[in-house]
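**Student:** Just passing along the structure, written as C-alpha cells.
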Amino acid sequence: MADISHIVHDSRLPQLQKVLDPRFMKKFFQTGVAEEKLSGKPGIRKCEIVRMRYKPGKECVVKYVLSLGRGVPREDVFVRVNNPRDAGKQHVWWQDPGAGMVPEFSMHVWQFPYDPVLEHLPELTDPDPLRNLLFRLGLPELAGMEMDTPVNVQVLKYEPLRQCALKVEVSRS
C-alpha cells in the first residue's frame with residue numbers, strides 16, 4: 001500500500017485518522033457490533049489496508065484484509081467514511097450477516113457481497129436466488145431450464161459502491 005500519512009488530517013473527515021490506522025481498525029473489527037455482525041472473528045492476527053479510494057473532504061473507501069490465522073482464509077472488509085455533516089441523512093442499520101452503518105464515525109462497514117449501494121449483490125451472487133431470477137425471466141437461451149438446474153456464479157471484478165461484473169454459467173443436461 002502506498003504511503004497514506006499525508007491524507008490522515010482531513011478537517012472535513014476527522015474520523016479518517018482512526019479509519020486509516022490498521023491497529024485501531026483491528027480492535028474495532030474485534031469488538032462490539034462489528035465483531036458480532038462481521039463474522040465474529042475475535043482472532044484477527046493482522047489487519048492491513050490493501051486498497052483505498054479517497055475524495056478529499058467528501059469520502060474515503062478502504063479495503064482491509066483481515067488475517068485470521070493459519071489455515072483460515074483471509075477476509076476482505078470494506079469501509080466508507082463520509083463527511084460527518086451528512087450524518088443526519090444516515091441511520092444505524094445492519095444487513096445480516098455483513099453490513100452496517102456506524103453513525104459515530106459516519107461510516108459504512110461491509111463484507112462482500114453486502115455492498116450498501118449495490119444492494120442486490122447478495123441475491124445475484126448466490127446460485128439459488130439467481131437461478132430463481134433466471135427462471136422467472138424466461139429467456140429463450142434458457143429454454144428448458146428447471147428449478148434445480150445447477151448455476152455457477154463467478155465474480156470477475158468488484159469495485160466497491162460502483163459495480164460488480166459476474167460470470168454466470170447455467171449447466172445444461
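The chains in the C-alpha cells are called A, B, ... from first to last as shown; in each chain the residues are counted from 1, and the ligands are counted from 1 in the order shown.
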Just list as a count of residues only whatever in chain A DSSP marks as strand (DSSP E or B).
**Tutor:** 53
**Student:** Write out as number ranges by chain the residues lying within 9 Å of Glu104 in chain A, counting only C-alpha atoms and excluding same-chain residues fewer than 2 positions away.
**Tutor:** A: 15, 84, 87, 102, 106-107
**Student:** What separation in Å, quoted to one decimal, exists between CA of Glu123 in chain A and CA of Pro73 in chain A?
**Tutor:**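 Computed distance, CA of Glu123 in chain A to CA of Pro73 in chain A, equals 22.8 Å.
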**Student:** Please, which residues of chain A, numbered as in this document, come out helix (DSSP H, G or I) from DSSP, as a PyMOL selection string?
**Tutor:** chain A and resi 16-19+22-30+32-37+84-89+103-105+121-125+127-137+140-142
**Student:** Keeping C-alpha atoms for every residue in the selection just given, could you write it to a file as an mmCIF file, in the first residue's frame?
**Tutor:**
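As a result, selection.cif now contains:
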```
data_model
loop_
_atom_site.group_PDB
_atom_site.id
_atom_site.type_symbol
_atom_site.label_atom_id
_atom_site.label_comp_id
_atom_site.auth_asym_id
_atom_site.auth_seq_id
_atom_site.Cartn_x
_atom_site.Cartn_y
_atom_site.Cartn_z
ATOM 1 C CA LEU A 16 -10.183 9.367 8.789
ATOM 2 C CA GLN A 17 -7.171 9.282 11.090
ATOM 3 C CA LYS A 18 -8.667 6.354 13.009
ATOM 4 C CA VAL A 19 -10.007 4.588 9.929
ATOM 5 C CA PRO A 22 -4.845 -0.609 10.991
ATOM 6 C CA ARG A 23 -4.270 -1.113 14.743
ATOM 7 C CA PHE A 24 -7.395 0.888 15.604
ATOM 8 C CA MET A 25 -9.459 -0.875 12.933
ATOM 9 C CA LYS A 26 -8.260 -4.298 14.078
ATOM 10 C CA LYS A 27 -9.626 -3.512 17.550
ATOM 11 C CA PHE A 28 -12.823 -2.120 16.003
ATOM 12 C CA PHE A 29 -13.383 -5.302 13.975
ATOM 13 C CA GLN A 30 -12.794 -7.442 17.077
ATOM 14 C CA GLY A 32 -18.874 -4.851 19.810
ATOM 15 C CA VAL A 33 -21.330 -4.790 16.957
ATOM 16 C CA ALA A 34 -18.630 -5.139 14.305
ATOM 17 C CA GLU A 35 -17.441 -8.427 15.801
ATOM 18 C CA GLU A 36 -20.983 -9.745 16.081
ATOM 19 C CA LYS A 37 -22.117 -8.732 12.604
ATOM 20 C CA PRO A 84 -19.970 13.938 9.379
ATOM 21 C CA ARG A 85 -22.189 16.898 8.481
ATOM 22 C CA ASP A 86 -24.080 14.448 6.263
ATOM 23 C CA ALA A 87 -24.780 12.295 9.344
ATOM 24 C CA GLY A 88 -28.401 13.456 9.531
ATOM 25 C CA LYS A 89 -29.041 11.567 6.312
ATOM 26 C CA PRO A 103 -23.054 6.798 12.833
ATOM 27 C CA GLU A 104 -20.413 7.972 15.310
ATOM 28 C CA PHE A 105 -17.836 7.580 12.527
ATOM 29 C CA LEU A 121 -25.480 -8.351 -4.938
ATOM 30 C CA PRO A 122 -26.329 -10.960 -2.273
ATOM 31 C CA GLU A 123 -29.086 -12.376 -4.480
ATOM 32 C CA LEU A 124 -27.043 -12.090 -7.682
ATOM 33 C CA THR A 125 -24.023 -13.913 -6.241
ATOM 34 C CA PRO A 127 -26.783 -19.527 -7.052
ATOM 35 C CA ASP A 128 -30.235 -20.354 -5.628
ATOM 36 C CA PRO A 129 -31.827 -16.866 -5.777
ATOM 37 C CA LEU A 130 -30.073 -16.235 -9.105
ATOM 38 C CA ARG A 131 -31.473 -19.477 -10.553
ATOM 39 C CA ASN A 132 -34.962 -18.377 -9.481
ATOM 40 C CA LEU A 133 -34.460 -14.987 -11.128
ATOM 41 C CA LEU A 134 -33.201 -16.541 -14.365
ATOM 42 C CA PHE A 135 -36.108 -18.985 -14.352
ATOM 43 C CA ARG A 136 -38.636 -16.144 -13.911
ATOM 44 C CA LEU A 137 -37.051 -14.109 -16.724
ATOM 45 C CA PRO A 140 -35.081 -18.047 -24.819
ATOM 46 C CA GLU A 141 -31.443 -19.016 -24.199
ATOM 47 C CA LEU A 142 -32.554 -20.746 -21.016
#
```
**Student:** Have a look at A:Lys63, A:Glu119, A:Asn82, A:Arg172 and name the one nearest to Glu159 in chain A; count only C-alpha atoms.
**Tutor:**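 Closest to Glu159 in chain A of all the choices is A:Lys63.
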